[in-house]
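*Asks:* Handing you a structure now.
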There are 2 protein chains.
Amino acid sequence: MIGIIRVITTADADILSEHGKLIERRYGVKTVSACIPDQPYGIYDEATERQAVPKIVVLGQRLAMSGCRALVISCADDPGIDALRQQVPVPVIGAGSATALLAKGYGEPVGLLDIAAEPPRVMKQILGEQLVWHASPPGVTNSAEVMTPYGRKAALKSAREMVENGAKTIAFACTGYSTIGLAKVIREELGVTVIDPVEAEGLLARYAIKN
Amino acid sequence: MIGIIRVITTADADILSEHGKLIERRYGVKTVSACIPDQPYGIYDEATERQAVPKIVVLGQRLAMSGCRALVISCADDPGIDALRQQVPVPVIGAGSATALLAKGYGEPVGLLDIAAEPPRVMKQILGEQLVWHASPPGVTNSAEVMTPYGRKAALKSAREMVENGAKTIAFACTGYSTIGLAKVIREELGVTVIDPVEAEGLLARYAIKN
């Protein structure tokens with residue numbers, strides 16, 4: 001069983017488990033999802049990240065205690081990952097680091113499709129000079145906007161521009177792009193390597209537990 | 001199709017394809033294997049690595065031209081990886097970097113099971129301070145010795161010592177340990193996360209091509 005930590009508060013079981021369901025469908029493993037309390041808008045600045053970290057640690061400990069053999073922090077910023085790793089005896093995987101590590105493993109120049117003005121620190125740090133392009137579609141600044149028809153179209157346009165400029169790998173810096181299934185569209189339309197953060201975290205988690 | 005580059009010369013089709021077969025069986029993808037010419041003892045020092053690099057590039061170009069959508073350099077030292085990446089339009093994966101990147105993605109303290117006195121440079125560089133233990137079983141200095149009953153026993157003993165000292169992830173720095181199926185034994189006997197270089201390179205290659 002893989003424990004999936006969502007860093008946005010929701011009472012909607014479908015929204016809570018949407019990353020887990022993607023992982024289950026793709027990799028044939030079981031997941032259990034849990035979300036941090038009292039942050040309906042998730043993490044969007046340093047203050048909300050600071051608030052979230054102790055909650056992430058508590059959730060992770062609970063999931064590990066209940067038998068999860070790997071934990072996933074399903075957010076491209078890897079919030080709380082160092083703190084949680086110190087508290088649990090199982091591998092802790094972050095969406096951002098998993099995505100960046102796969103991109104690094106392929107060695108191609110990377111275009112990062114984001115929703116923020118700056119790439120997640122952890123992705124920037126892992127990719128170093130391999131991170132050549134960074135784009136956030138205009139008018140798309142949160143996961144909700146990613147999920148609109150406009151968001152989808154604008155994201156594909158941003159990816160296309162990075163590919164036209166030479167990007168050989170497109171990596172997502174927001175799990176919202178996973179939820180809308182954008183990877184498939186980019187692979188089909190642009191023919192480049194695409195790294196989807198929910199797929200990436202699932203890939204690593206599955207390898208850790210299923211042997 | 002995944003192109004597997006072996007950095008040891010062999011005319012034996014079974015030996016040539018043994019890494020490819022492991023990947024095919026595990027991940028359900030097709031592979032084609034090729035080996036560098038005129039190096040029956042493989043790469044064992046800087047001179048033999050320098051000799052091998054241009055051969056690896058030629059092989060990789062040929063495999064990419066013949067339709068491989070990802071290439072794997074199946075050796076924990078990632079020989080020739082930078083040179084090859086500059087010459088082909090597909091992802092190039094190295095056994096050493098793939099293994100180290102997965103270990104980094106789990107965040108656990110790593111024990112590296114090797115056959116050499118020093119860890120592969122690329123693994124050391126990726127893991128940094130996360131690389132805490134490094135062991136080569138006494139009397140085991142090449143892949144052939146790994147494959148003896150003594151080699152297998154000595155390797156398990158070295159892994160056990162690292163785990164007793166606190167290693168939570170055991171990563172292999174030699175693909176010979178993949179060939180003898182040591183990962184399964186360590187997982188069952190020691191219960192830690194194990195990263196096998198042929199499994200790791202296959203995992204990354206499969207994700208790049210099969211979506």
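Naming scheme: A, B, ... for chains in displayed order of the structure tokens; residues 1 onward per chain; ligands 1 onward as shown.
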Set the distance at 9 Å and use only C-alpha atoms: which residues neighbour segment 67-82 of chain A once local chain neighbours fewer than 2 positions away are removed? I'd like the list as a PDB file with N, CA and C atoms, in the first residue's frame.

*Replies:*
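Here's the written file result_34.pdb:
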```pdb
ATOM      1  N   MET A   1       0.848  -1.211   0.000  1.00  0.00           N
ATOM      2  CA  MET A   1       0.000   0.000   0.000  1.00  0.00           C
ATOM      3  C   MET A   1       0.881   1.258   0.000  1.00  0.00           C
ATOM      4  N   ILE A   2       0.517   2.205  -0.855  1.00  0.00           N
ATOM      5  CA  ILE A   2       1.242   3.477  -0.939  1.00  0.00           C
ATOM      6  C   ILE A   2       0.372   4.568  -0.311  1.00  0.00           C
ATOM      7  N   GLY A   3       0.950   5.343   0.580  1.00  0.00           N
ATOM      8  CA  GLY A   3       0.216   6.442   1.203  1.00  0.00           C
ATOM      9  C   GLY A   3       0.421   7.726   0.429  1.00  0.00           C
ATOM     10  N   ILE A   4      -0.675   8.347   0.033  1.00  0.00           N
ATOM     11  CA  ILE A   4      -0.601   9.573  -0.771  1.00  0.00           C
ATOM     12  C   ILE A   4      -1.035  10.757   0.086  1.00  0.00           C
ATOM     13  N   ILE A   5      -0.132  11.704   0.268  1.00  0.00           N
ATOM     14  CA  ILE A   5      -0.454  12.886   1.059  1.00  0.00           C
ATOM     15  C   ILE A   5      -0.820  14.033   0.125  1.00  0.00           C
ATOM     16  N   ARG A   6      -2.060  14.513   0.259  1.00  0.00           N
ATOM     17  CA  ARG A   6      -2.515  15.661  -0.525  1.00  0.00           C
ATOM     18  C   ARG A   6      -2.372  16.907   0.344  1.00  0.00           C
ATOM     19  N   VAL A   7      -1.831  17.967  -0.226  1.00  0.00           N
ATOM     20  CA  VAL A   7      -1.558  19.148   0.584  1.00  0.00           C
ATOM     21  C   VAL A   7      -2.620  20.221   0.370  1.00  0.00           C
ATOM     22  N   HIS A  19      -5.190  11.597  -7.362  1.00  0.00           N
ATOM     23  CA  HIS A  19      -3.809  11.194  -7.687  1.00  0.00           C
ATOM     24  C   HIS A  19      -3.624   9.691  -7.444  1.00  0.00           C
ATOM     25  N   THR A  31      -3.418   2.250  -3.161  1.00  0.00           N
ATOM     26  CA  THR A  31      -3.041   3.501  -2.512  1.00  0.00           C
ATOM     27  C   THR A  31      -4.090   3.870  -1.482  1.00  0.00           C
ATOM     28  N   VAL A  32      -3.687   4.703  -0.540  1.00  0.00           N
ATOM     29  CA  VAL A  32      -4.648   5.318   0.368  1.00  0.00           C
ATOM     30  C   VAL A  32      -4.271   6.800   0.449  1.00  0.00           C
ATOM     31  N   ILE A  43      -1.199  25.100  -0.450  1.00  0.00           N
ATOM     32  CA  ILE A  43       0.050  25.807  -0.141  1.00  0.00           C
ATOM     33  C   ILE A  43       0.306  26.761  -1.287  1.00  0.00           C
ATOM     34  N   GLU A  49       3.113  27.190   3.545  1.00  0.00           N
ATOM     35  CA  GLU A  49       3.981  26.011   3.569  1.00  0.00           C
ATOM     36  C   GLU A  49       4.395  25.706   5.019  1.00  0.00           C
ATOM     37  N   ARG A  50       4.785  26.755   5.743  1.00  0.00           N
ATOM     38  CA  ARG A  50       5.171  26.555   7.151  1.00  0.00           C
ATOM     39  C   ARG A  50       4.042  25.936   7.961  1.00  0.00           C
ATOM     40  N   ALA A  52       1.774  24.031   6.813  1.00  0.00           N
ATOM     41  CA  ALA A  52       1.474  22.674   6.330  1.00  0.00           C
ATOM     42  C   ALA A  52       2.467  21.633   6.836  1.00  0.00           C
ATOM     43  N   VAL A  53       3.724  22.013   7.015  1.00  0.00           N
ATOM     44  CA  VAL A  53       4.762  21.006   7.280  1.00  0.00           C
ATOM     45  C   VAL A  53       4.443  20.096   8.468  1.00  0.00           C
ATOM     46  N   PRO A  54       4.108  20.644   9.654  1.00  0.00           N
ATOM     47  CA  PRO A  54       3.822  19.723  10.764  1.00  0.00           C
ATOM     48  C   PRO A  54       2.604  18.828  10.495  1.00  0.00           C
ATOM     49  N   LYS A  55       1.661  19.327   9.727  1.00  0.00           N
ATOM     50  CA  LYS A  55       0.485  18.510   9.394  1.00  0.00           C
ATOM     51  C   LYS A  55       0.877  17.365   8.462  1.00  0.00           C
ATOM     52  N   ILE A  56       1.790  17.657   7.544  1.00  0.00           N
ATOM     53  CA  ILE A  56       2.281  16.626   6.616  1.00  0.00           C
ATOM     54  C   ILE A  56       3.010  15.527   7.398  1.00  0.00           C
ATOM     55  N   VAL A  57       3.788  15.950   8.387  1.00  0.00           N
ATOM     56  CA  VAL A  57       4.526  14.972   9.199  1.00  0.00           C
ATOM     57  C   VAL A  57       3.554  14.076   9.958  1.00  0.00           C
ATOM     58  N   GLY A  60       1.847  11.697   7.552  1.00  0.00           N
ATOM     59  CA  GLY A  60       2.788  10.689   7.077  1.00  0.00           C
ATOM     60  C   GLY A  60       3.043   9.638   8.135  1.00  0.00           C
ATOM     61  N   ARG A  62       1.010   8.773  10.494  1.00  0.00           N
ATOM     62  CA  ARG A  62      -0.204   7.968  10.623  1.00  0.00           C
ATOM     63  C   ARG A  62      -0.279   6.928   9.493  1.00  0.00           C
ATOM     64  N   LEU A  63       0.021   7.370   8.266  1.00  0.00           N
ATOM     65  CA  LEU A  63      -0.034   6.447   7.122  1.00  0.00           C
ATOM     66  C   LEU A  63       1.006   5.333   7.262  1.00  0.00           C
ATOM     67  N   ALA A  64       2.210   5.697   7.722  1.00  0.00           N
ATOM     68  CA  ALA A  64       3.263   4.689   7.883  1.00  0.00           C
ATOM     69  C   ALA A  64       2.858   3.674   8.962  1.00  0.00           C
ATOM     70  N   MET A  65       2.289   4.196  10.051  1.00  0.00           N
ATOM     71  CA  MET A  65       1.846   3.327  11.145  1.00  0.00           C
ATOM     72  C   MET A  65       0.753   2.371  10.685  1.00  0.00           C
ATOM     73  N   LEU A  84       9.484  15.009   7.187  1.00  0.00           N
ATOM     74  CA  LEU A  84       8.794  13.705   7.242  1.00  0.00           C
ATOM     75  C   LEU A  84       9.793  12.544   7.165  1.00  0.00           C
ATOM     76  N   ARG A  85      10.822  12.706   6.306  1.00  0.00           N
ATOM     77  CA  ARG A  85      11.804  11.609   6.178  1.00  0.00           C
ATOM     78  C   ARG A  85      12.480  11.299   7.501  1.00  0.00           C
ATOM     79  N   GLN A  86      12.614  12.324   8.347  1.00  0.00           N
ATOM     80  CA  GLN A  86      13.251  12.071   9.647  1.00  0.00           C
ATOM     81  C   GLN A  86      12.360  11.306  10.605  1.00  0.00           C
ATOM     82  N   PRO A  89       9.997   5.273   8.938  1.00  0.00           N
ATOM     83  CA  PRO A  89      10.982   4.269   8.524  1.00  0.00           C
ATOM     84  C   PRO A  89      10.757   3.748   7.111  1.00  0.00           C
ATOM     85  N   VAL A  90      10.041   4.507   6.281  1.00  0.00           N
ATOM     86  CA  VAL A  90       9.782   4.055   4.901  1.00  0.00           C
ATOM     87  C   VAL A  90      10.224   5.155   3.933  1.00  0.00           C
ATOM     88  N   PRO A  91      10.429   4.799   2.656  1.00  0.00           N
ATOM     89  CA  PRO A  91      10.811   5.828   1.679  1.00  0.00           C
ATOM     90  C   PRO A  91       9.728   6.899   1.560  1.00  0.00           C
ATOM     91  N   VAL A  92      10.156   8.151   1.466  1.00  0.00           N
ATOM     92  CA  VAL A  92       9.228   9.266   1.246  1.00  0.00           C
ATOM     93  C   VAL A  92       9.581   9.915  -0.087  1.00  0.00           C
ATOM     94  N   ILE A  93       8.607   9.939  -0.972  1.00  0.00           N
ATOM     95  CA  ILE A  93       8.811  10.409  -2.336  1.00  0.00           C
ATOM     96  C   ILE A  93       8.056  11.717  -2.519  1.00  0.00           C
ATOM     97  N   GLY A  94       8.676  12.675  -3.173  1.00  0.00           N
ATOM     98  CA  GLY A  94       7.989  13.931  -3.477  1.00  0.00           C
ATOM     99  C   GLY A  94       7.732  14.033  -4.970  1.00  0.00           C
ATOM    100  N   ALA A  95       6.601  14.644  -5.344  1.00  0.00           N
ATOM    101  CA  ALA A  95       6.273  14.765  -6.767  1.00  0.00           C
ATOM    102  C   ALA A  95       7.331  15.583  -7.515  1.00  0.00           C
ATOM    103  N   GLY A  96       7.800  16.651  -6.881  1.00  0.00           N
ATOM    104  CA  GLY A  96       8.768  17.518  -7.560  1.00  0.00           C
ATOM    105  C   GLY A  96      10.101  16.835  -7.758  1.00  0.00           C
ATOM    106  N   SER A  97      10.629  16.223  -6.687  1.00  0.00           N
ATOM    107  CA  SER A  97      11.932  15.571  -6.842  1.00  0.00           C
ATOM    108  C   SER A  97      11.833  14.365  -7.758  1.00  0.00           C
ATOM    109  N   ALA A  98      10.767  13.585  -7.654  1.00  0.00           N
ATOM    110  CA  ALA A  98      10.637  12.403  -8.525  1.00  0.00           C
ATOM    111  C   ALA A  98      10.643  12.832 -10.000  1.00  0.00           C
ATOM    112  N   THR A  99       9.915  13.890 -10.303  1.00  0.00           N
ATOM    113  CA  THR A  99       9.844  14.388 -11.680  1.00  0.00           C
ATOM    114  C   THR A  99      11.213  14.869 -12.153  1.00  0.00           C
ATOM    115  N   PRO A 119      10.378  28.252 -10.753  1.00  0.00           N
ATOM    116  CA  PRO A 119      10.272  26.786 -10.606  1.00  0.00           C
ATOM    117  C   PRO A 119      10.366  26.379  -9.138  1.00  0.00           C
ATOM    118  N   PRO A 120       9.759  25.261  -8.771  1.00  0.00           N
ATOM    119  CA  PRO A 120       9.946  24.733  -7.412  1.00  0.00           C
ATOM    120  C   PRO A 120      11.451  24.601  -7.121  1.00  0.00           C
ATOM    121  N   ARG A 121      11.836  25.035  -5.936  1.00  0.00           N
ATOM    122  CA  ARG A 121      13.257  25.023  -5.562  1.00  0.00           C
ATOM    123  C   ARG A 121      13.901  23.665  -5.792  1.00  0.00           C
ATOM    124  N   VAL A 122      13.200  22.607  -5.353  1.00  0.00           N
ATOM    125  CA  VAL A 122      13.784  21.268  -5.425  1.00  0.00           C
ATOM    126  C   VAL A 122      14.027  20.845  -6.879  1.00  0.00           C
ATOM    127  N   MET A 123      13.173  21.259  -7.772  1.00  0.00           N
ATOM    128  CA  MET A 123      13.347  20.876  -9.175  1.00  0.00           C
ATOM    129  C   MET A 123      14.515  21.639  -9.794  1.00  0.00           C
ATOM    130  N   PHE A 172       6.334  18.533 -15.808  1.00  0.00           N
ATOM    131  CA  PHE A 172       5.320  19.386 -15.196  1.00  0.00           C
ATOM    132  C   PHE A 172       5.736  19.752 -13.776  1.00  0.00           C
ATOM    133  N   ALA A 173       5.528  21.019 -13.423  1.00  0.00           N
ATOM    134  CA  ALA A 173       5.803  21.466 -12.064  1.00  0.00           C
ATOM    135  C   ALA A 173       4.507  21.702 -11.300  1.00  0.00           C
ATOM    136  N   CYS A 174       3.432  21.048 -11.735  1.00  0.00           N
ATOM    137  CA  CYS A 174       2.146  21.171 -11.040  1.00  0.00           C
ATOM    138  C   CYS A 174       1.358  19.894 -11.293  1.00  0.00           C
ATOM    139  N   THR A 175       0.843  19.293 -10.221  1.00  0.00           N
ATOM    140  CA  THR A 175       0.108  18.034 -10.379  1.00  0.00           C
ATOM    141  C   THR A 175      -1.257  18.252 -11.039  1.00  0.00           C
ATOM    142  N   PRO A 197       4.165  14.502 -12.948  1.00  0.00           N
ATOM    143  CA  PRO A 197       4.555  14.311 -11.541  1.00  0.00           C
ATOM    144  C   PRO A 197       3.826  13.182 -10.818  1.00  0.00           C
ATOM    145  N   VAL A 198       2.551  12.968 -11.121  1.00  0.00           N
ATOM    146  CA  VAL A 198       1.844  11.865 -10.443  1.00  0.00           C
ATOM    147  C   VAL A 198       2.338  10.524 -10.984  1.00  0.00           C
ATOM    148  N   GLU A 201       5.938  10.084  -9.340  1.00  0.00           N
ATOM    149  CA  GLU A 201       5.922   9.668  -7.929  1.00  0.00           C
ATOM    150  C   GLU A 201       5.423   8.224  -7.808  1.00  0.00           C
ATOM    151  N   GLY A 202       4.444   7.875  -8.635  1.00  0.00           N
ATOM    152  CA  GLY A 202       3.919   6.511  -8.626  1.00  0.00           C
ATOM    153  C   GLY A 202       4.959   5.504  -9.083  1.00  0.00           C
ATOM    154  N   ALA A 205       7.377   5.028  -6.237  1.00  0.00           N
ATOM    155  CA  ALA A 205       6.752   4.338  -5.104  1.00  0.00           C
ATOM    156  C   ALA A 205       6.543   2.866  -5.433  1.00  0.00           C
ATOM    157  N   ARG A 206       6.069   2.606  -6.636  1.00  0.00           N
ATOM    158  CA  ARG A 206       5.825   1.229  -7.024  1.00  0.00           C
ATOM    159  C   ARG A 206       7.125   0.419  -6.980  1.00  0.00           C
ATOM    160  N   ALA A 208       9.662   0.895  -5.156  1.00  0.00           N
ATOM    161  CA  ALA A 208      10.100   0.685  -3.766  1.00  0.00           C
ATOM    162  C   ALA A 208       9.340  -0.450  -3.096  1.00  0.00           C
ATOM    163  N   ILE A 209       8.061  -0.616  -3.455  1.00  0.00           N
ATOM    164  CA  ILE A 209       7.267  -1.583  -2.670  1.00  0.00           C
ATOM    165  C   ILE A 209       6.991  -2.894  -3.381  1.00  0.00           C
TER     166      ILE A 209
ATOM    167  N   TYR B 106      14.165   8.385  -2.879  1.00  0.00           N
ATOM    168  CA  TYR B 106      13.597   7.795  -1.664  1.00  0.00           C
ATOM    169  C   TYR B 106      14.096   8.488  -0.394  1.00  0.00           C
ATOM    170  N   GLY B 107      15.250   9.124  -0.492  1.00  0.00           N
ATOM    171  CA  GLY B 107      15.727   9.924   0.632  1.00  0.00           C
ATOM    172  C   GLY B 107      16.271   9.151   1.816  1.00  0.00           C
TER     173      GLY B 107
END
```

*Asks:* Would you kindly return, as an MDAnalysis selection string, each protein, DNA or RNA residue with an atom no farther than 8 Å from any atom of segment 135-144 of chain B, considering only C-alpha atoms and excluding same-chain residues fewer than 2 positions away?

*Replies:* chainID B and resid 111:117 133 146:148 151 154:155 157:159 162 174:177

*Asks:* Write out as a ChimeraX atom specification the set of residues from segment 1-206 of chain A that DSSP, computed on the backbone, places in strand (DSSP E).

*Replies:* /A:2-6,31-35,70-73,92-94,110-113,131-135,169-172,193-195

*Asks:* Take atom CA of Gln61 of chain B and atom CA of Val88 of chain B and report the distance between them in Å, one decimal.

*Replies:* 6.1 Å

*Asks:* Quick one: of B:Thr169, B:Ser178, B:Ser33, B:Gln130, who's nearest to chain A, counting only C-alpha atoms?

*Replies:* B:Thr169

*Asks:* Return the single residue from B:Pro109, B:His134, B:Leu101, B:Pro40 that is closest to Leu204 of chain B, with distances computed using only C-alpha atoms.

*Replies:*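 Ranking B:Pro109, B:His134, B:Leu101, B:Pro40 by distance to Leu204 of chain B, first place goes to B:Leu101.
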
*Asks:* To one decimal place in Å, what is the distance between atom CA of Gly42 of chain B and atom CA of Leu16 of chain B?

*Replies:* 12.4 Å

*Asks:* Can you measure atom CA of Ala171 of chain B to atom CA of Leu102 of chain B for me? One decimal in Å is fine.

*Replies:*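 Separating atom CA of Ala171 of chain B from atom CA of Leu102 of chain B is a distance of 9.3 Å.
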